[in-house]
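A.B. asks: See my_file.pdb below, with PDB, C-alpha atoms and all ligand atoms.
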```pdb
ATOM      1  CA  MET C   1     -43.810 -73.604  30.199  1.00  0.00           C
ATOM      2  CA  ARG C   2     -40.459 -72.423  31.477  1.00  0.00           C
ATOM      3  CA  LEU C   3     -37.970 -72.200  28.609  1.00  0.00           C
ATOM      4  CA  PHE C   4     -34.350 -71.342  28.005  1.00  0.00           C
ATOM      5  CA  ILE C   5     -31.842 -71.621  25.198  1.00  0.00           C
ATOM      6  CA  ALA C   6     -28.405 -73.004  25.952  1.00  0.00           C
ATOM      7  CA  LEU C   7     -25.196 -74.314  24.473  1.00  0.00           C
ATOM      8  CA  SER C   8     -24.669 -77.989  25.237  1.00  0.00           C
ATOM      9  CA  LEU C   9     -21.267 -78.891  26.605  1.00  0.00           C
ATOM     10  CA  PRO C  10     -19.186 -81.586  24.904  1.00  0.00           C
ATOM     11  CA  PRO C  11     -18.105 -84.770  26.739  1.00  0.00           C
ATOM     12  CA  ASP C  12     -14.518 -83.544  27.082  1.00  0.00           C
ATOM     13  CA  ALA C  13     -15.818 -80.634  29.168  1.00  0.00           C
ATOM     14  CA  ARG C  14     -18.169 -82.699  31.297  1.00  0.00           C
ATOM     15  CA  GLY C  15     -15.465 -84.969  32.734  1.00  0.00           C
ATOM     16  CA  PRO C  16     -13.296 -82.137  34.088  1.00  0.00           C
ATOM     17  CA  LEU C  17     -16.401 -80.263  35.268  1.00  0.00           C
ATOM     18  CA  THR C  18     -17.692 -83.182  37.328  1.00  0.00           C
ATOM     19  CA  ALA C  19     -14.183 -83.717  38.749  1.00  0.00           C
ATOM     20  CA  LEU C  20     -14.223 -80.066  39.797  1.00  0.00           C
ATOM     21  CA  GLN C  21     -17.676 -80.418  41.328  1.00  0.00           C
ATOM     22  CA  GLU C  22     -16.354 -83.213  43.538  1.00  0.00           C
ATOM     23  CA  ARG C  23     -13.789 -80.803  44.965  1.00  0.00           C
ATOM     24  CA  LEU C  24     -16.356 -78.184  45.990  1.00  0.00           C
ATOM     25  CA  PRO C  25     -16.670 -78.143  49.777  1.00  0.00           C
ATOM     26  CA  VAL C  26     -20.254 -76.846  49.799  1.00  0.00           C
ATOM     27  CA  GLY C  27     -23.395 -76.754  47.678  1.00  0.00           C
ATOM     28  CA  ARG C  28     -25.655 -79.064  45.740  1.00  0.00           C
ATOM     29  CA  PRO C  29     -23.848 -80.046  42.507  1.00  0.00           C
ATOM     30  CA  VAL C  30     -25.676 -79.637  39.205  1.00  0.00           C
ATOM     31  CA  PRO C  31     -26.240 -83.164  37.781  1.00  0.00           C
ATOM     32  CA  GLU C  32     -23.896 -83.883  34.875  1.00  0.00           C
ATOM     33  CA  GLU C  33     -26.746 -84.119  32.349  1.00  0.00           C
ATOM     34  CA  ASN C  34     -27.873 -80.618  33.358  1.00  0.00           C
ATOM     35  CA  LEU C  35     -24.543 -78.870  32.741  1.00  0.00           C
ATOM     36  CA  HIS C  36     -25.003 -76.143  30.109  1.00  0.00           C
ATOM     37  CA  LEU C  37     -24.259 -72.556  29.168  1.00  0.00           C
ATOM     38  CA  THR C  38     -27.392 -70.405  29.042  1.00  0.00           C
ATOM     39  CA  LEU C  39     -27.682 -68.112  26.028  1.00  0.00           C
ATOM     40  CA  ALA C  40     -31.161 -66.796  26.783  1.00  0.00           C
ATOM     41  CA  PHE C  41     -33.589 -67.327  29.607  1.00  0.00           C
ATOM     42  CA  LEU C  42     -37.153 -67.002  28.328  1.00  0.00           C
ATOM     43  CA  GLY C  43     -39.066 -67.764  31.495  1.00  0.00           C
ATOM     44  CA  ASP C  44     -42.688 -68.773  31.324  1.00  0.00           C
ATOM     45  CA  GLN C  45     -43.948 -68.921  27.734  1.00  0.00           C
ATOM     46  CA  PRO C  46     -47.232 -70.056  26.205  1.00  0.00           C
ATOM     47  CA  ASP C  47     -47.187 -73.551  24.643  1.00  0.00           C
ATOM     48  CA  GLU C  48     -47.670 -71.981  21.192  1.00  0.00           C
ATOM     49  CA  ALA C  49     -44.322 -70.193  21.499  1.00  0.00           C
ATOM     50  CA  VAL C  50     -42.417 -73.460  21.065  1.00  0.00           C
ATOM     51  CA  GLU C  51     -43.244 -73.816  17.388  1.00  0.00           C
ATOM     52  CA  ALA C  52     -42.315 -70.201  16.607  1.00  0.00           C
ATOM     53  CA  LEU C  53     -39.076 -70.617  18.553  1.00  0.00           C
ATOM     54  CA  HIS C  54     -38.221 -73.815  16.734  1.00  0.00           C
ATOM     55  CA  ASP C  55     -38.823 -72.112  13.376  1.00  0.00           C
ATOM     56  CA  ALA C  56     -36.641 -69.191  14.424  1.00  0.00           C
ATOM     57  CA  LEU C  57     -33.779 -71.311  15.756  1.00  0.00           C
ATOM     58  CA  SER C  58     -33.722 -74.198  13.306  1.00  0.00           C
ATOM     59  CA  THR C  59     -32.542 -72.006  10.430  1.00  0.00           C
ATOM     60  CA  LEU C  60     -29.742 -70.390  12.400  1.00  0.00           C
ATOM     61  CA  ARG C  61     -26.432 -71.578  10.949  1.00  0.00           C
ATOM     62  CA  ALA C  62     -23.709 -70.547  13.326  1.00  0.00           C
ATOM     63  CA  PRO C  63     -20.160 -71.790  13.840  1.00  0.00           C
ATOM     64  CA  ALA C  64     -19.169 -74.122  16.675  1.00  0.00           C
ATOM     65  CA  VAL C  65     -18.062 -72.202  19.756  1.00  0.00           C
ATOM     66  CA  PRO C  66     -14.635 -72.742  21.356  1.00  0.00           C
ATOM     67  CA  LEU C  67     -14.929 -72.321  25.108  1.00  0.00           C
ATOM     68  CA  THR C  68     -12.454 -71.771  27.877  1.00  0.00           C
ATOM     69  CA  LEU C  69     -14.042 -72.170  31.291  1.00  0.00           C
ATOM     70  CA  SER C  70     -12.106 -70.420  34.029  1.00  0.00           C
ATOM     71  CA  GLY C  71     -12.558 -67.955  36.830  1.00  0.00           C
ATOM     72  CA  ALA C  72     -15.025 -68.253  39.695  1.00  0.00           C
ATOM     73  CA  ALA C  73     -18.568 -67.037  39.065  1.00  0.00           C
ATOM     74  CA  LEU C  74     -21.089 -66.278  41.810  1.00  0.00           C
ATOM     75  CA  PHE C  75     -24.725 -65.435  41.173  1.00  0.00           C
ATOM     76  CA  GLY C  76     -27.653 -64.736  43.414  1.00  0.00           C
ATOM     77  CA  GLY C  77     -28.029 -63.669  46.974  1.00  0.00           C
ATOM     78  CA  LYS C  78     -30.530 -64.131  49.782  1.00  0.00           C
ATOM     79  CA  SER C  79     -32.923 -66.333  47.837  1.00  0.00           C
ATOM     80  CA  GLY C  80     -30.261 -68.795  46.691  1.00  0.00           C
ATOM     81  CA  GLN C  81     -26.817 -68.744  45.174  1.00  0.00           C
ATOM     82  CA  ALA C  82     -25.138 -70.408  42.217  1.00  0.00           C
ATOM     83  CA  VAL C  83     -21.417 -70.918  41.772  1.00  0.00           C
ATOM     84  CA  GLY C  84     -19.617 -71.935  38.622  1.00  0.00           C
ATOM     85  CA  LEU C  85     -17.034 -70.977  36.053  1.00  0.00           C
ATOM     86  CA  GLU C  86     -16.999 -67.952  33.800  1.00  0.00           C
ATOM     87  CA  ALA C  87     -16.889 -68.842  30.110  1.00  0.00           C
ATOM     88  CA  ASP C  88     -14.802 -67.201  27.430  1.00  0.00           C
ATOM     89  CA  GLY C  89     -15.987 -68.044  23.950  1.00  0.00           C
ATOM     90  CA  GLY C  90     -14.505 -65.100  22.106  1.00  0.00           C
ATOM     91  CA  LYS C  91     -16.244 -63.653  19.105  1.00  0.00           C
ATOM     92  CA  ALA C  92     -18.034 -66.905  18.263  1.00  0.00           C
ATOM     93  CA  LEU C  93     -19.903 -66.797  21.560  1.00  0.00           C
ATOM     94  CA  THR C  94     -20.849 -63.115  21.533  1.00  0.00           C
ATOM     95  CA  GLU C  95     -22.034 -63.463  17.937  1.00  0.00           C
ATOM     96  CA  MET C  96     -24.022 -66.551  18.842  1.00  0.00           C
ATOM     97  CA  PHE C  97     -25.637 -64.646  21.706  1.00  0.00           C
ATOM     98  CA  ASP C  98     -26.497 -61.680  19.446  1.00  0.00           C
ATOM     99  CA  ARG C  99     -27.908 -63.907  16.744  1.00  0.00           C
ATOM    100  CA  VAL C 100     -30.061 -65.906  19.128  1.00  0.00           C
ATOM    101  CA  ARG C 101     -31.449 -62.687  20.583  1.00  0.00           C
ATOM    102  CA  SER C 102     -32.258 -61.266  17.213  1.00  0.00           C
ATOM    103  CA  ARG C 103     -34.010 -64.518  16.250  1.00  0.00           C
ATOM    104  CA  LEU C 104     -36.010 -64.318  19.472  1.00  0.00           C
ATOM    105  CA  ARG C 105     -37.093 -60.776  18.724  1.00  0.00           C
ATOM    106  CA  SER C 106     -38.176 -61.813  15.222  1.00  0.00           C
ATOM    107  CA  ALA C 107     -40.179 -64.646  16.757  1.00  0.00           C
ATOM    108  CA  GLY C 108     -41.945 -62.105  18.952  1.00  0.00           C
ATOM    109  CA  VAL C 109     -40.378 -63.315  22.199  1.00  0.00           C
ATOM    110  CA  ARG C 110     -39.516 -60.595  24.668  1.00  0.00           C
ATOM    111  CA  VAL C 111     -35.880 -60.692  25.782  1.00  0.00           C
ATOM    112  CA  GLU C 112     -34.335 -59.050  28.805  1.00  0.00           C
ATOM    113  CA  ARG C 113     -31.766 -56.373  28.205  1.00  0.00           C
ATOM    114  CA  ARG C 114     -29.356 -57.536  30.856  1.00  0.00           C
ATOM    115  CA  ARG C 115     -25.671 -57.960  30.080  1.00  0.00           C
ATOM    116  CA  PHE C 116     -24.562 -61.414  28.942  1.00  0.00           C
ATOM    117  CA  ARG C 117     -22.315 -63.003  31.527  1.00  0.00           C
ATOM    118  CA  PRO C 118     -21.484 -66.392  30.064  1.00  0.00           C
ATOM    119  CA  HIS C 119     -20.946 -69.064  32.706  1.00  0.00           C
ATOM    120  CA  VAL C 120     -21.498 -72.701  33.577  1.00  0.00           C
ATOM    121  CA  THR C 121     -23.235 -73.229  36.906  1.00  0.00           C
ATOM    122  CA  LEU C 122     -21.678 -76.096  38.871  1.00  0.00           C
ATOM    123  CA  ALA C 123     -23.438 -75.985  42.226  1.00  0.00           C
ATOM    124  CA  ARG C 124     -26.241 -74.262  44.055  1.00  0.00           C
ATOM    125  CA  LEU C 125     -26.108 -73.055  47.630  1.00  0.00           C
ATOM    126  CA  LYS C 126     -28.706 -71.749  50.021  1.00  0.00           C
ATOM    127  CA  GLY C 127     -29.083 -68.000  50.177  1.00  0.00           C
ATOM    128  CA  GLY C 128     -26.665 -66.568  52.688  1.00  0.00           C
ATOM    129  CA  ALA C 129     -24.480 -69.712  52.782  1.00  0.00           C
ATOM    130  CA  ASP C 130     -20.725 -69.136  52.777  1.00  0.00           C
ATOM    131  CA  ALA C 131     -19.589 -69.633  49.187  1.00  0.00           C
ATOM    132  CA  SER C 132     -15.978 -68.631  49.780  1.00  0.00           C
ATOM    133  CA  GLY C 133     -14.566 -72.204  49.967  1.00  0.00           C
ATOM    134  CA  ALA C 134     -16.180 -73.091  46.643  1.00  0.00           C
ATOM    135  CA  LEU C 135     -15.078 -69.850  45.055  1.00  0.00           C
ATOM    136  CA  SER C 136     -11.457 -70.423  45.997  1.00  0.00           C
ATOM    137  CA  VAL C 137     -11.499 -73.913  44.401  1.00  0.00           C
ATOM    138  CA  LEU C 138     -13.109 -72.477  41.277  1.00  0.00           C
ATOM    139  CA  ALA C 139     -10.692 -69.562  41.113  1.00  0.00           C
ATOM    140  CA  GLY C 140      -7.829 -71.983  40.455  1.00  0.00           C
ATOM    141  CA  ALA C 141      -9.617 -73.998  37.772  1.00  0.00           C
ATOM    142  CA  SER C 142      -9.336 -73.758  34.008  1.00  0.00           C
ATOM    143  CA  ILE C 143     -10.999 -76.106  31.522  1.00  0.00           C
ATOM    144  CA  GLY C 144     -10.576 -76.065  27.789  1.00  0.00           C
ATOM    145  CA  PRO C 145     -10.502 -75.007  25.157  1.00  0.00           C
ATOM    146  CA  VAL C 146     -13.405 -77.328  24.400  1.00  0.00           C
ATOM    147  CA  VAL C 147     -15.767 -76.907  21.480  1.00  0.00           C
ATOM    148  CA  ALA C 148     -19.532 -76.585  21.819  1.00  0.00           C
ATOM    149  CA  THR C 149     -21.066 -78.134  18.714  1.00  0.00           C
ATOM    150  CA  SER C 150     -24.753 -77.759  19.473  1.00  0.00           C
ATOM    151  CA  PHE C 151     -27.325 -75.622  21.214  1.00  0.00           C
ATOM    152  CA  GLY C 152     -30.902 -76.296  22.112  1.00  0.00           C
ATOM    153  CA  LEU C 153     -34.265 -75.136  23.288  1.00  0.00           C
ATOM    154  CA  PHE C 154     -34.853 -76.512  26.774  1.00  0.00           C
ATOM    155  CA  ARG C 155     -37.833 -76.772  29.018  1.00  0.00           C
ATOM    156  CA  SER C 156     -37.152 -76.532  32.731  1.00  0.00           C
ATOM    157  CA  HIS C 157     -39.303 -78.476  35.160  1.00  0.00           C
ATOM    158  CA  LEU C 158     -38.810 -76.994  38.596  1.00  0.00           C
ATOM    159  CA  ASN C 159     -38.934 -79.533  41.399  1.00  0.00           C
ATOM    160  CA  ARG C 160     -38.350 -79.265  45.099  1.00  0.00           C
ATOM    161  CA  ASP C 161     -35.087 -81.190  44.779  1.00  0.00           C
ATOM    162  CA  GLY C 162     -33.800 -79.334  41.698  1.00  0.00           C
ATOM    163  CA  ALA C 163     -34.772 -78.583  38.124  1.00  0.00           C
ATOM    164  CA  ILE C 164     -35.081 -81.219  35.421  1.00  0.00           C
ATOM    165  CA  TYR C 165     -34.295 -80.008  31.922  1.00  0.00           C
ATOM    166  CA  GLU C 166     -36.005 -81.428  28.880  1.00  0.00           C
ATOM    167  CA  ALA C 167     -34.414 -80.791  25.474  1.00  0.00           C
ATOM    168  CA  LEU C 168     -37.284 -79.805  23.160  1.00  0.00           C
ATOM    169  CA  SER C 169     -34.951 -79.499  20.195  1.00  0.00           C
ATOM    170  CA  VAL C 170     -31.230 -79.545  19.568  1.00  0.00           C
ATOM    171  CA  TYR C 171     -29.475 -77.695  16.728  1.00  0.00           C
ATOM    172  CA  ALA C 172     -26.027 -78.440  15.343  1.00  0.00           C
ATOM    173  CA  LEU C 173     -23.389 -75.743  15.036  1.00  0.00           C
ATOM    174  CA  VAL C 174     -21.107 -75.751  12.012  1.00  0.00           C
ATOM    175  CA  LEU C 175     -17.668 -77.242  12.548  1.00  0.00           C
TER     176      LEU C 175
HETATM  177  P1  LIG M 201     -33.476 -73.848  40.288  1.00  0.00           P
HETATM  178  O1  LIG M 201     -33.993 -72.498  39.914  1.00  0.00           O
HETATM  179  O2  LIG M 201     -34.515 -74.760  40.877  1.00  0.00           O
HETATM  180  O3  LIG M 201     -32.227 -73.790  41.115  1.00  0.00           O
HETATM  181  P2  LIG M 201     -32.327 -73.962  37.653  1.00  0.00           P
HETATM  182  O4  LIG M 201     -31.815 -72.592  37.936  1.00  0.00           O
HETATM  183  O5  LIG M 201     -31.395 -74.993  37.147  1.00  0.00           O
HETATM  184  O6  LIG M 201     -33.051 -74.577  38.922  1.00  0.00           O
HETATM  185  P3  LIG M 201     -34.157 -72.576  36.000  1.00  0.00           P
HETATM  186  O7  LIG M 201     -34.363 -71.569  37.094  1.00  0.00           O
HETATM  187  O8  LIG M 201     -35.347 -73.028  35.234  1.00  0.00           O
HETATM  188  O9  LIG M 201     -33.488 -73.879  36.585  1.00  0.00           O
HETATM  189  O10 LIG M 201     -33.084 -71.973  35.020  1.00  0.00           O
HETATM  190  C1  LIG M 201     -32.746 -72.536  33.779  1.00  0.00           C
HETATM  191  C2  LIG M 201     -31.503 -71.839  33.262  1.00  0.00           C
HETATM  192  O11 LIG M 201     -31.782 -70.441  33.049  1.00  0.00           O
HETATM  193  C3  LIG M 201     -30.318 -71.847  34.236  1.00  0.00           C
HETATM  194  O12 LIG M 201     -29.122 -71.805  33.492  1.00  0.00           O
HETATM  195  C4  LIG M 201     -30.469 -70.555  34.991  1.00  0.00           C
HETATM  196  O13 LIG M 201     -29.225 -70.111  35.497  1.00  0.00           O
HETATM  197  C5  LIG M 201     -30.967 -69.631  33.906  1.00  0.00           C
HETATM  198  N1  LIG M 201     -31.812 -68.578  34.479  1.00  0.00           N
HETATM  199  C6  LIG M 201     -32.835 -68.744  35.339  1.00  0.00           C
HETATM  200  N2  LIG M 201     -33.400 -67.569  35.654  1.00  0.00           N
HETATM  201  C7  LIG M 201     -32.723 -66.621  34.966  1.00  0.00           C
HETATM  202  C8  LIG M 201     -32.817 -65.210  34.858  1.00  0.00           C
HETATM  203  N3  LIG M 201     -33.737 -64.511  35.500  1.00  0.00           N
HETATM  204  N4  LIG M 201     -31.934 -64.579  34.052  1.00  0.00           N
HETATM  205  C9  LIG M 201     -30.992 -65.263  33.395  1.00  0.00           C
HETATM  206  N5  LIG M 201     -30.865 -66.586  33.437  1.00  0.00           N
HETATM  207  C10 LIG M 201     -31.691 -67.272  34.219  1.00  0.00           C
HETATM  208 MG    MG M 202     -33.048 -70.962  38.695  1.00  0.00          MG
END
```
In structure tokens, write the structure found in this file.
C.D. replies:
Amino acid sequence: MRLFIALSLPPDARGPLTALQERLPVGRPVPEENLHLTLAFLGDQPDEAVEALHDALSTLRAPAVPLTLSGAALFGGKSGQAVGLEADGGKALTEMFDRVRSRLRSAGVRVERRRFRPHVTLARLKGGADASGALSVLAGASIGPVVATSFGLFRSHLNRDGAIYEALSVYALVL
């Protein structure tokens, strides 16, 4: 199954994010219930990995993460693009990222070594589509600070008309 670990976004972030999505001139908006900040993308994992991951993550006691969402983010290329906001979560976020990765390694899950570029994806565009109108709306936006108080292990079901995420478990952060 296709798995990832993400911070959930609080309600006071979701409202402004959906308002911003409505202003984007192009792209397929991410449904509100799917809005998240990915900490680790695990890709396809055997079913047995879920229990080991849950054991590794459920004992992680980390502080809640203050987030400021601002600055246009663009990912992808020919095979599809994603636009959203960059996320600044200061030390709490980078420490959260490091701790999740070290828990993953202990659980025997291979993690990519790519640089962490925290962001919230707001819309997806076809590869090669002109993202500039969306990027200029996003460039002027700033949301927060808001506080992320939980993270979770999610399963992604890929469908033709977009992914559906299933929360396999949710873990509280310490306020
Ligand atoms: P779709 O791929 O159909 O557009 P999606 O991107 O929402 O849907 P997934 O591809 O399963 O669904 O991705 C789940 C989460 O993991 C998203 O936040 C996505 O940006 C992130 N992600 C996916 N692939 C990678 C990758 N190779 N490296 C880092 N993060 C990734
Ligand atoms: Mg994807």
A.B. asks: Give me, as a Markdown table, the closest atom pair and its distance (Å, one decimal) for every residue of chain C within a cut-off of 9 Å of ligand MG 202 (chain M), counting all atoms listed in the file, rows sorted by chain and rising number.
C.D. replies:
```
| residue | atom | partner | partner_atom | distance |
| --- | --- | --- | --- | --- |
| C:Gly80 | CA | M:MG202 | MG | 8.7 |
| C:Ala82 | CA | M:MG202 | MG | 8.7 |
| C:Leu158 | CA | M:MG202 | MG | 8.3 |
| C:Gly162 | CA | M:MG202 | MG | 8.9 |
| C:Ala163 | CA | M:MG202 | MG | 7.8 |
```
A.B. asks: Under the rule of at most 7 Å, produce a per-residue listing of chain C near ligand LIG 201 (chain M): chain, number, name, the closest pair of atoms, and the distance in Å, as CSV, using all atoms listed in the file.
C.D. replies:
```
residue,atom,partner,partner_atom,distance
C:Arg2,CA,M:LIG201,O8,6.4
C:Phe4,CA,M:LIG201,O11,5.7
C:His36,CA,M:LIG201,O12,6.9
C:Leu37,CA,M:LIG201,O12,6.6
C:Thr38,CA,M:LIG201,O12,5.0
C:Ala40,CA,M:LIG201,N5,6.7
C:Phe41,CA,M:LIG201,N5,4.8
C:Thr121,CA,M:LIG201,O13,6.9
C:Arg124,CA,M:LIG201,O3,6.7
C:Ser156,CA,M:LIG201,O8,4.7
C:His157,CA,M:LIG201,O8,6.7
C:Leu158,CA,M:LIG201,O2,5.4
C:Asn159,CA,M:LIG201,O2,6.5
C:Gly162,CA,M:LIG201,O2,4.7
C:Ala163,CA,M:LIG201,O6,4.4
```
A.B. asks: Between C:Ala92, C:Val111, C:Val50, C:Leu85, single out the one closest to Val65 (chain C), counting all atoms listed in the file.
C.D. replies: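 Ranked by minimum distance to Val65 (chain C), first place goes to C:Ala92.
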A.B. asks: Mind telling me what the PyMOL selection byres (((chain C and resi 173) around 10) and not hetatm) catches here, as a PyMOL selection string?
C.D. replies: chain C and resi 7+60-65+96+148-151+170-172+174-175
A.B. asks: Here's the selection I'm unsure about, the PyMOL selection byres (((chain C and resi 13-29) around 6) and not hetatm); applied to the file above, which residues does it give, as a PyMOL selection string?
C.D. replies: chain C and resi 10-12+30+122-125+134
A.B. asks: Using all atoms of region 131-137 of chain C that appear in the file, construct an axis-aligned enclosing box with 6 Å of padding on every side and provide its centre coordinates and edge lengths in Å, rounded to one decimal, as JSON.
C.D. replies:
```
{"center_x": -15.5, "center_y": -71.3, "center_z": 47.2, "size_x": 20.1, "size_y": 17.3, "size_z": 17.6}
```
A.B. asks: Could you state the separation of CA of Arg103 (chain C) and CA of Gly152 (chain C) in Å, given to one decimal place?
C.D. replies: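 Distance reported for this atom pair: 13.5 Å.
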A.B. asks: To verify the selection step, state as number ranges by chain which residues the PyMOL selection byres (((chain C and resi 100) around 9) and not hetatm) yields on this input.
C.D. replies: C: 5, 39-40, 56-57, 60, 95-99, 101-105
A.B. asks: Kindly save the residues from that selection, with C-alpha atoms included, as a short mmCIF file (atom, residue, chain, number, x, y, z; two decimals), in the coordinates of the input.
C.D. replies:
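Final output, saved to selection26.cif:
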```cif
data_model
loop_
_atom_site.label_atom_id
_atom_site.label_comp_id
_atom_site.auth_asym_id
_atom_site.auth_seq_id
_atom_site.Cartn_x
_atom_site.Cartn_y
_atom_site.Cartn_z
CA ILE C 5 -31.84 -71.62 25.20
CA LEU C 39 -27.68 -68.11 26.03
CA ALA C 40 -31.16 -66.80 26.78
CA ALA C 56 -36.64 -69.19 14.42
CA LEU C 57 -33.78 -71.31 15.76
CA LEU C 60 -29.74 -70.39 12.40
CA GLU C 95 -22.03 -63.46 17.94
CA MET C 96 -24.02 -66.55 18.84
CA PHE C 97 -25.64 -64.65 21.71
CA ASP C 98 -26.50 -61.68 19.45
CA ARG C 99 -27.91 -63.91 16.74
CA ARG C 101 -31.45 -62.69 20.58
CA SER C 102 -32.26 -61.27 17.21
CA ARG C 103 -34.01 -64.52 16.25
CA LEU C 104 -36.01 -64.32 19.47
CA ARG C 105 -37.09 -60.78 18.72
#
```
A.B. asks: Which value, in Å to one decimal, gives the distance between CA of Val137 (chain C) and CA of Thr68 (chain C)?
C.D. replies: 16.7 Å
A.B. asks: To one decimal place, how far is CA of Ala107 (chain C) from CA of Ala52 (chain C) in Å?
C.D. replies: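 According to the coordinates, CA of Ala107 (chain C) and CA of Ala52 (chain C) are separated by 6.0 Å.
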A.B. asks: Set the distance at 12 Å and use all atoms listed in the file: which residues neighbour Asp88 (chain C) once local chain neighbours fewer than 6 positions away are removed? I'd like the list as a ChimeraX atom specification.
C.D. replies: /C:37,65-71,94,116-120,142-148
